[in-house]
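query.csv (CSV, C-alpha atoms)
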chain,number,residue,atom,x,y,z
H,1,LYS,CA,-96.3,3.9,74.2
H,2,LYS,CA,-96.0,3.0,70.5
H,3,ILE,CA,-93.5,5.8,70.0
H,4,VAL,CA,-91.4,4.6,72.9
H,5,ILE,CA,-91.4,1.0,71.6
H,6,SER,CA,-90.5,2.2,68.1
H,7,THR,CA,-87.7,4.4,69.4
H,8,SER,CA,-86.4,1.6,71.6
H,9,THR,CA,-86.4,-0.8,68.7
H,10,MET,CA,-84.6,1.6,66.5
H,11,MET,CA,-82.0,2.2,69.2
H,12,THR,CA,-81.4,-1.5,69.6
H,13,ALA,CA,-81.1,-2.0,65.8
H,14,SER,CA,-78.7,0.9,65.5
H,15,SER,CA,-76.6,-0.3,68.3
H,16,GLY,CA,-76.2,-3.6,66.6
H,17,LEU,CA,-74.7,-1.9,63.6
H,18,PHE,CA,-72.0,-0.5,65.9
H,19,ASP,CA,-71.4,-3.7,67.8
H,20,ARG,CA,-67.8,-4.0,68.6
H,21,HIS,CA,-67.4,-7.2,66.7
H,22,ILE,CA,-68.8,-5.7,63.6
H,23,ILE,CA,-66.6,-2.7,63.9
H,24,SER,CA,-63.6,-4.9,64.5
H,25,ARG,CA,-64.4,-6.9,61.4
H,26,ARG,CA,-64.9,-3.9,59.2
H,27,PHE,CA,-61.7,-2.3,60.5
H,28,LEU,CA,-59.8,-5.6,59.8
H,29,ILE,CA,-61.2,-5.8,56.2
H,30,LEU,CA,-60.2,-2.1,55.6
H,31,LEU,CA,-56.7,-2.7,57.0
H,32,LEU,CA,-56.1,-5.8,54.8
H,33,LEU,CA,-57.4,-4.0,51.7
H,34,VAL,CA,-55.0,-1.2,52.4
H,35,VAL,CA,-52.1,-3.6,52.8
H,36,PHE,CA,-53.0,-5.4,49.6
H,37,CYS,CA,-53.2,-2.1,47.7
H,38,GLN,CA,-49.9,-1.0,49.0
H,39,SER,CA,-48.2,-4.3,48.2
H,40,SER,CA,-49.7,-4.2,44.7
H,41,HIS,CA,-48.4,-0.7,44.1
H,42,ALA,CA,-44.9,-1.7,45.3
H,43,PHE,CA,-44.9,-4.8,43.1
H,44,ARG,CA,-45.9,-2.8,40.0
H,45,LYS,CA,-43.2,-0.2,40.9
H,46,SER,CA,-40.6,-2.9,41.2
H,47,LEU,CA,-41.5,-4.3,37.7
H,48,ASP,CA,-40.7,-0.9,36.3
H,49,VAL,CA,-37.1,-0.8,37.6
H,50,LYS,CA,-36.0,-4.5,37.6
H,51,PRO,CA,-34.4,-5.8,34.4
H,52,VAL,CA,-36.2,-9.2,34.9
H,53,ALA,CA,-39.5,-7.4,34.6
H,54,LEU,CA,-38.8,-6.8,30.9
H,55,ARG,CA,-40.0,-10.3,30.4
H,56,SER,CA,-43.7,-11.2,30.4
H,57,THR,CA,-45.5,-11.9,33.6
H,58,LYS,CA,-46.0,-15.5,32.5
H,59,THR,CA,-42.2,-15.9,31.9
H,60,LEU,CA,-41.4,-14.4,35.3
H,61,LEU,CA,-43.8,-16.7,37.2
H,62,VAL,CA,-42.6,-19.8,35.5
H,63,THR,CA,-39.0,-18.8,36.2
H,64,ILE,CA,-39.7,-18.0,39.9
H,65,ARG,CA,-42.0,-20.9,40.9
H,66,GLY,CA,-40.3,-23.6,38.9
H,67,GLY,CA,-38.4,-24.4,35.7
H,68,SER,CA,-35.3,-22.8,34.4
H,69,ASP,CA,-34.4,-19.4,32.8
H,70,HIS,CA,-33.8,-21.1,29.5
H,71,ALA,CA,-37.2,-22.8,29.5
H,72,ALA,CA,-38.9,-19.7,30.6
H,73,ALA,CA,-37.4,-17.7,27.7
H,74,ALA,CA,-39.9,-19.3,25.3
H,75,VAL,CA,-43.1,-19.0,27.4
H,76,ALA,CA,-44.7,-16.6,25.0
H,77,ALA,CA,-44.5,-19.2,22.3
H,78,ASP,CA,-45.3,-22.2,24.4
H,79,PRO,CA,-48.9,-22.4,25.6
H,80,ILE,CA,-48.1,-25.3,28.0
H,81,ASP,CA,-45.8,-23.1,30.1
H,82,GLY,CA,-48.4,-20.3,30.0
H,83,PHE,CA,-51.1,-22.8,31.1
H,84,LEU,CA,-48.9,-24.0,34.0
H,85,SER,CA,-48.2,-20.5,35.2
H,86,VAL,CA,-52.0,-19.8,35.4
H,87,VAL,CA,-52.7,-23.1,37.1
H,88,ASP,CA,-49.8,-22.4,39.5
H,89,LEU,CA,-51.6,-19.3,40.8
H,90,PHE,CA,-54.9,-21.1,40.8
H,91,GLY,CA,-53.4,-24.0,42.8
H,92,THR,CA,-51.8,-21.5,45.2
H,93,SER,CA,-55.3,-20.1,45.9
H,94,LEU,CA,-56.8,-23.6,46.4
H,95,PHE,CA,-54.0,-24.7,48.7
H,96,ALA,CA,-54.4,-21.5,50.7
H,97,PHE,CA,-58.1,-22.2,50.9
H,98,SER,CA,-57.6,-25.7,52.3
H,99,GLY,CA,-55.2,-24.3,54.9
H,100,ALA,CA,-57.6,-21.5,56.0
H,101,VAL,CA,-60.5,-24.0,56.3
H,102,ALA,CA,-58.4,-26.4,58.3
H,103,ALA,CA,-57.2,-23.7,60.7
H,104,GLY,CA,-60.7,-22.2,61.1
H,105,ARG,CA,-62.1,-25.6,62.0
H,106,LYS,CA,-59.4,-25.9,64.7
H,107,GLY,CA,-60.7,-22.7,66.3
H,108,MET,CA,-57.9,-20.4,65.1
H,109,ASP,CA,-58.5,-16.7,64.6
H,110,ILE,CA,-57.9,-14.9,61.2
H,111,MET,CA,-54.2,-14.5,62.0
H,112,GLY,CA,-53.8,-18.2,62.5
H,113,MET,CA,-55.9,-18.9,59.4
H,114,SER,CA,-53.6,-16.6,57.4
H,115,ILE,CA,-50.4,-18.3,58.6
H,116,ILE,CA,-51.7,-21.8,58.0
H,117,ALA,CA,-53.0,-20.8,54.5
H,118,PHE,CA,-49.7,-19.3,53.6
H,119,VAL,CA,-47.7,-22.3,54.9
H,120,THR,CA,-50.0,-24.7,53.0
H,121,ALA,CA,-49.7,-22.8,49.7
H,122,THR,CA,-46.0,-22.1,49.7
H,123,GLY,CA,-44.5,-24.5,52.2
H,124,GLY,CA,-43.4,-27.1,49.7
H,125,GLY,CA,-41.7,-24.7,47.4
H,126,THR,CA,-40.1,-22.8,50.2
H,127,LEU,CA,-38.6,-26.0,51.7
H,128,ARG,CA,-37.4,-27.0,48.2
H,129,ASP,CA,-35.7,-23.6,47.6
H,130,LEU,CA,-34.0,-23.7,51.0
H,131,LEU,CA,-32.7,-27.2,50.4
H,132,PHE,CA,-31.5,-26.3,46.9
H,133,ASN,CA,-29.7,-23.3,48.4
H,134,LYS,CA,-31.5,-21.0,46.0
H,135,GLY,CA,-31.0,-17.9,48.2
H,136,THR,CA,-34.2,-15.9,48.1
H,137,VAL,CA,-37.2,-18.2,48.0
H,138,PHE,CA,-39.8,-17.8,45.2
H,139,TRP,CA,-42.5,-15.9,47.1
H,140,MET,CA,-40.0,-13.2,48.2
H,141,GLN,CA,-39.2,-12.6,44.5
H,142,ASP,CA,-42.8,-12.1,43.6
H,143,VAL,CA,-45.3,-10.9,46.2
H,144,ILE,CA,-48.3,-12.1,44.1
H,145,TYR,CA,-48.2,-15.3,46.1
H,146,LEU,CA,-48.5,-13.4,49.3
H,147,GLN,CA,-51.4,-11.4,47.9
H,148,ILE,CA,-53.2,-14.6,46.7
H,149,CYS,CA,-52.9,-16.2,50.1
H,150,GLY,CA,-54.1,-13.1,51.9
H,151,ILE,CA,-57.1,-12.5,49.7
H,152,THR,CA,-58.0,-16.2,49.7
H,153,THR,CA,-57.9,-16.3,53.5
H,154,LEU,CA,-60.0,-13.2,53.9
H,155,ALA,CA,-62.6,-14.5,51.4
H,156,THR,CA,-62.6,-17.8,53.2
H,157,TYR,CA,-63.1,-16.2,56.6
H,158,LEU,CA,-65.9,-14.0,55.5
H,159,LEU,CA,-67.8,-16.2,53.0
H,160,TRP,CA,-67.1,-19.9,53.6
H,161,PRO,CA,-69.2,-20.4,56.7
H,162,MET,CA,-72.2,-18.9,54.9
H,163,LEU,CA,-71.6,-21.0,51.8
H,164,GLU,CA,-71.2,-24.1,53.8
H,165,GLU,CA,-74.2,-23.5,56.0
H,166,LYS,CA,-76.8,-22.0,53.7
H,167,LEU,CA,-75.8,-23.5,50.3
H,168,GLY,CA,-74.4,-26.8,51.5
H,169,TRP,CA,-71.0,-26.3,49.9
H,170,LYS,CA,-68.3,-28.7,51.1
H,171,ASP,CA,-64.5,-28.6,50.7
H,172,SER,CA,-64.6,-32.3,49.9
H,173,ALA,CA,-67.0,-31.9,46.9
H,174,VAL,CA,-65.8,-33.2,43.6
H,175,PRO,CA,-65.4,-29.8,41.9
H,176,MET,CA,-63.2,-28.6,44.7
H,177,CYS,CA,-61.1,-31.8,44.6
H,178,THR,CA,-60.8,-31.6,40.8
H,179,ALA,CA,-59.5,-28.0,41.0
H,180,ASP,CA,-57.1,-29.1,43.7
H,181,ALA,CA,-55.9,-31.9,41.4
H,182,CYS,CA,-55.0,-29.4,38.8
H,183,GLY,CA,-52.9,-27.4,41.3
H,184,LEU,CA,-51.3,-30.6,42.5
H,185,ALA,CA,-50.3,-31.6,39.0
H,186,ALA,CA,-48.9,-28.2,38.2
H,187,PHE,CA,-46.8,-28.1,41.3
H,188,SER,CA,-45.4,-31.5,40.6
H,189,VAL,CA,-44.4,-30.5,37.1
H,190,LEU,CA,-42.9,-27.2,38.1
H,191,GLY,CA,-41.0,-28.7,41.0
H,192,THR,CA,-39.5,-31.3,38.7
H,193,GLN,CA,-38.5,-28.7,36.2
H,194,LYS,CA,-36.8,-26.7,39.0
H,195,ALA,CA,-34.5,-29.6,39.9
H,196,ILE,CA,-33.7,-30.4,36.2
H,197,GLY,CA,-32.7,-26.7,35.7
H,198,MET,CA,-30.2,-27.1,38.5
H,199,ASP,CA,-28.4,-30.1,36.9
H,200,LEU,CA,-29.1,-32.3,40.0
H,201,ASP,CA,-29.3,-36.1,40.1
H,202,PRO,CA,-32.5,-37.5,38.4
H,203,MET,CA,-33.7,-39.0,41.8
H,204,ILE,CA,-33.7,-35.4,43.2
H,205,TRP,CA,-35.9,-34.4,40.3
H,206,ILE,CA,-38.6,-36.8,41.6
H,207,VAL,CA,-38.1,-35.7,45.2
H,208,SER,CA,-38.4,-32.0,44.2
H,209,GLY,CA,-41.7,-32.7,42.4
H,210,LEU,CA,-43.1,-34.5,45.3
H,211,MET,CA,-41.9,-32.0,47.8
H,212,SER,CA,-43.2,-29.0,45.9
H,213,SER,CA,-46.7,-30.5,45.6
H,214,CYS,CA,-47.3,-32.2,49.0
H,215,PHE,CA,-45.1,-30.8,51.8
H,216,GLY,CA,-47.2,-27.7,52.3
H,217,GLY,CA,-50.1,-30.0,53.3
H,218,ILE,CA,-47.8,-31.9,55.7
H,219,LEU,CA,-46.8,-28.6,57.4
H,220,ARG,CA,-50.5,-27.6,57.6
H,221,ASP,CA,-51.5,-30.8,59.3
H,222,ILE,CA,-48.6,-30.6,61.8
H,223,LEU,CA,-49.4,-27.0,62.7
H,224,CYS,CA,-53.1,-27.9,63.1
H,225,LEU,CA,-52.1,-30.9,65.4
H,226,GLN,CA,-53.6,-33.5,63.1
H,227,ARG,CA,-52.1,-36.5,61.4
H,228,PRO,CA,-50.6,-35.7,58.0
H,229,ARG,CA,-53.2,-37.0,55.5
H,230,ILE,CA,-50.7,-38.2,52.9
H,231,MET,CA,-48.9,-40.5,55.4
H,232,TYR,CA,-52.0,-42.5,56.5
H,233,PRO,CA,-54.3,-44.8,54.5
H,234,GLU,CA,-57.6,-43.6,55.9
H,235,ARG,CA,-58.2,-41.2,53.0
H,236,SER,CA,-57.9,-41.4,49.3
H,237,ILE,CA,-54.5,-41.5,47.7
H,238,TYR,CA,-53.0,-38.0,47.5
H,239,ALA,CA,-49.2,-38.1,47.3
H,240,THR,CA,-48.9,-41.0,44.9
H,241,PRO,CA,-50.3,-39.2,41.8
H,242,PRO,CA,-47.7,-36.3,41.9
H,243,LEU,CA,-45.0,-38.8,42.7
H,244,CYS,CA,-45.9,-40.8,39.6
H,245,GLY,CA,-46.2,-37.7,37.5
H,246,SER,CA,-42.7,-36.6,38.5
H,247,ILE,CA,-41.4,-40.1,37.8
H,248,ILE,CA,-43.0,-40.0,34.3
H,249,TYR,CA,-41.4,-36.5,33.7
H,250,THR,CA,-38.0,-37.8,34.7
H,251,LEU,CA,-38.2,-41.0,32.6
H,252,LEU,CA,-39.3,-39.2,29.5
H,253,THR,CA,-36.6,-36.5,29.9
H,254,LEU,CA,-33.9,-39.2,30.3
H,255,TYR,CA,-35.0,-41.8,27.8
H,256,CYS,CA,-37.0,-39.9,25.2
H,257,PRO,CA,-34.8,-36.9,24.4
H,258,GLN,CA,-36.6,-36.5,21.0
H,259,LEU,CA,-39.8,-35.4,22.8
H,260,ASP,CA,-40.3,-31.7,23.1
H,261,LYS,CA,-40.2,-30.3,26.7
H,262,GLN,CA,-43.8,-29.1,26.3
H,263,ALA,CA,-45.0,-32.6,25.4
H,264,VAL,CA,-43.2,-34.1,28.4
H,265,ALA,CA,-44.8,-31.5,30.7
H,266,SER,CA,-48.2,-32.2,29.2
H,267,VAL,CA,-47.9,-36.0,29.6
H,268,SER,CA,-46.7,-35.6,33.2
H,269,PHE,CA,-49.4,-33.0,34.1
H,270,LEU,CA,-52.3,-35.1,32.6
H,271,SER,CA,-51.0,-38.3,34.2
H,272,THR,CA,-50.9,-36.7,37.7
H,273,PHE,CA,-54.3,-35.1,37.2
H,274,VAL,CA,-56.1,-38.2,35.9
H,275,PHE,CA,-54.6,-40.4,38.5
H,276,ARG,CA,-55.7,-38.1,41.3
H,277,VAL,CA,-59.2,-37.8,39.9
H,278,LEU,CA,-59.6,-41.5,39.6
H,279,SER,CA,-58.5,-42.0,43.2
H,280,PHE,CA,-61.3,-39.8,44.6
H,281,ASN,CA,-63.8,-42.5,45.4
H,282,SER,CA,-61.4,-45.5,45.1
H,283,SER,CA,-60.8,-47.9,47.9
H,284,ILE,CA,-57.2,-48.5,46.8
H,285,ARG,CA,-54.6,-47.5,49.4
H,286,MET,CA,-50.9,-47.7,49.6
H,287,PRO,CA,-49.5,-50.9,51.3
H,288,HIS,CA,-49.7,-50.6,55.1
H,289,TRP,CA,-49.9,-52.8,58.1
H,290,GLN,CA,-53.5,-53.6,58.9
H,291,MET,CA,-54.4,-52.1,62.3
H,292,PRO,CA,-57.6,-52.7,64.3
H,293,SER,CA,-58.6,-49.0,63.9
H,294,ASP,CA,-58.3,-49.0,60.1
H,295,VAL,CA,-61.5,-47.6,58.6
H,296,PRO,CA,-61.0,-46.6,55.0
H,297,GLU,CA,-62.7,-43.5,53.8
H,298,ASN,CA,-63.5,-42.9,50.1
H,299,ASN,CA,-63.9,-39.1,50.4
H,300,CYS,CA,-61.8,-36.9,48.1
H,301,ASP,CA,-61.2,-34.1,50.5
H,302,ILE,CA,-58.2,-31.8,50.0

Could you write out this file's structure as structure tokens?
Amino acid sequence: KKIVISTSTMMTASSGLFDRHIISRRFLILLLLVVFCQSSHAFRKSLDVKPVALRSTKTLLVTIRGGSDHAAAAVAADPIDGFLSVVDLFGTSLFAFSGAVAAGRKGMDIMGMSIIAFVTATGGGTLRDLLFNKGTVFWMQDVIYLQICGITTLATYLLWPMLEEKLGWKDSAVPMCTADACGLAAFSVLGTQKAIGMDLDPMIWIVSGLMSSCFGGILRDILCLQRPRIMYPERSIYATPPLCGSIIYTLLTLYCPQLDKQAVASVSFLSTFVFRVLSFNSSIRMPHWQMPSDVPENNCDI
């Protein structure tokens, strides 16, 4: 009788290992890893044959995501541009994470999470490039953005529920919001530089900075059937810091030509970052009509 019970228990345990959901998940992970490996190989191969690849990776990323070719030519000597290129990739991952979490909480599967994560991370820059008639958008010129979004979505799908449930992690925690503020500031600076490099009207410089940093989140909220957070006063101020940072960049460029481009980028980045951090638990909101349902929230969620 003991042997029978033991055998039955072992059969039950072994059958759990081959549960169809577990097999499906493992197959999905394997498939995605193969896709990422293939895309990485293709990207490295393309770097060997394209003339633009003779430049450093930092130069390439700054040129693609934002800024001008002339500005990117000096990236190796300018630590600010190098810093912005790193924060750009980091911010892409954070934005993709926020999109994946929002989609997962709406009950979407991993395909839906991947789409929302990608739209959140690249939507603002894509819309900007399309409106500027840039031809091929930035993430089609460099697949690293696709790779970052895919890896971030997969990691979020597999790990975030456990981290949230067992360790009490929250996407509205101050460290997460601080990291998001870094990405927000970098996107604002790079978007402003993109418009400046195209010799557009200064007002379009400001619009480009705001669009690059915030419109991905608007698309995320629309696709998730929720109110765009930057348009309503319930949550902490989010779009105003990158808007102010882009305005500062524009004013310094126009009226302080003696300032180095790196100094202008630094001031704009720090202004956006500090403004956003200070707004985390602030009750200050943009002017709005007072409605009966207005209940301000001081959380700093992304």

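Each of H:Met291, H:Val119, H:Ala102, H:Met286 was checked against Met231 of chain H using only C-alpha atoms; the smallest atom-to-atom distance is that of H:Met286.
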
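Counting all atoms listed in the file and comparing H:Asp180, H:Lys166, H:Ala117, H:Ser212, the residue that lies closest to Leu130 of chain H is H:Ser212.
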
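Between Thr250 of chain H and the residues H:Pro202, H:Gly124, H:Gly107, H:Pro233, the shortest atom-to-atom distance, using only C-alpha atoms, involves H:Pro202.
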
Using all atoms listed in the file, tabulate the residues of segment 98-216 of chain H lying at most 9 Å from any atom of segment 259-270 of chain H, each with its closest atom pair and that distance in Å to one decimal, by chain and increasing residue number, as a tab-separated table.
residue	atom	partner	partner_atom	distance
H:Cys182	CA	H:Phe269	CA	8.1
H:Leu184	CA	H:Phe269	CA	8.9
H:Ala185	CA	H:Phe269	CA	5.2
H:Ala186	CA	H:Phe269	CA	6.3
H:Ser188	CA	H:Phe269	CA	7.8
H:Val189	CA	H:Phe269	CA	6.3
H:Leu190	CA	H:Ala265	CA	8.8
H:Gln193	CA	H:Ala265	CA	8.8

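Residues in contact range of Gly123 of chain H, defined as at most 8 Å between all atoms listed in the file, with sequence neighbours fewer than 4 positions away removed, read H:Phe118, H:Val119, H:Leu127, H:Ser212, H:Phe215, H:Gly216, H:Gly217, H:Leu219.
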
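Pairwise distance (atom CA of Cys177 of chain H, atom CA of Gln141 of chain H) equals 29.1 Å.
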
For Leu146 of chain H, find every residue with an atom within 10 Å (counting all atoms listed in the file), except residues of its own chain fewer than 5 positions away, and show them as a JSON list (two decimals) with C-alpha atoms, keeping the file's coordinate frame.
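As written to disk, out21.json reads:
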[["chain", "number", "residue", "atom", "x", "y", "z"],
["H", 36, "PHE", "CA", -53.00, -5.40, 49.60],
["H", 39, "SER", "CA", -48.20, -4.30, 48.20],
["H", 92, "THR", "CA", -51.80, -21.50, 45.20],
["H", 118, "PHE", "CA", -49.70, -19.30, 53.60],
["H", 121, "ALA", "CA", -49.70, -22.80, 49.70],
["H", 122, "THR", "CA", -46.00, -22.10, 49.70],
["H", 139, "TRP", "CA", -42.50, -15.90, 47.10],
["H", 140, "MET", "CA", -40.00, -13.20, 48.20],
["H", 151, "ILE", "CA", -57.10, -12.50, 49.70],
["H", 152, "THR", "CA", -58.00, -16.20, 49.70]]

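Distance-wise, atom CA of Ser98 of chain H and atom CA of Met211 of chain H end up 17.5 Å apart.
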
From (-51.9, -36.3, 49.7), in the file's coordinates, out to 7 Å: which residues are reached, counting all atoms listed in the file? Answer as a list in words. Cys214, Arg229, Ile230, Ile237, Tyr238 and Ala239 of chain H

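If you look at atom CA of Ser236 of chain H and atom CA of Met176 of chain H, they are 14.6 Å away from each other.
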
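Using all atoms listed in the file for every distance, the candidate list H:Ala179, H:Phe132, H:Tyr232, H:Arg105 yields H:Tyr232 as the residue closest to Trp289 of chain H.
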
With all atoms listed in the file counted, which protein, DNA or RNA residues have an atom no more than 9 Å from (-55.8, -12.6, 54.4) in the file frame? Please answer as an MDAnalysis selection string. chainID H and resid 29 32 110:111 113:115 117 146:157

I need the residues from that last selection saved to file as a CSV table (one decimal), keeping the file's coordinate frame (with C-alpha atoms), if you can.
chain,number,residue,atom,x,y,z
H,29,ILE,CA,-61.2,-5.8,56.2
H,32,LEU,CA,-56.1,-5.8,54.8
H,110,ILE,CA,-57.9,-14.9,61.2
H,111,MET,CA,-54.2,-14.5,62.0
H,113,MET,CA,-55.9,-18.9,59.4
H,114,SER,CA,-53.6,-16.6,57.4
H,115,ILE,CA,-50.4,-18.3,58.6
H,117,ALA,CA,-53.0,-20.8,54.5
H,146,LEU,CA,-48.5,-13.4,49.3
H,147,GLN,CA,-51.4,-11.4,47.9
H,148,ILE,CA,-53.2,-14.6,46.7
H,149,CYS,CA,-52.9,-16.2,50.1
H,150,GLY,CA,-54.1,-13.1,51.9
H,151,ILE,CA,-57.1,-12.5,49.7
H,152,THR,CA,-58.0,-16.2,49.7
H,153,THR,CA,-57.9,-16.3,53.5
H,154,LEU,CA,-60.0,-13.2,53.9
H,155,ALA,CA,-62.6,-14.5,51.4
H,156,THR,CA,-62.6,-17.8,53.2
H,157,TYR,CA,-63.1,-16.2,56.6

Using all atoms listed in the file for the distances, tell me which of H:Glu234, H:Val86, H:Leu225, H:Pro241 is nearest to Ser283 of chain H. H:Glu234

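Using all atoms listed in the file, the residues found no farther than 6 Å from Gly209 of chain H, other than those of its own chain fewer than 5 positions away, are Ser188, Gly191, Thr192 and Ser246 of chain H.
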
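Proximity ranking of H:Phe83, H:His288, H:Lys194, H:Lys106 relative to Gln226 of chain H places H:Lys106 first, based on all atoms listed in the file.
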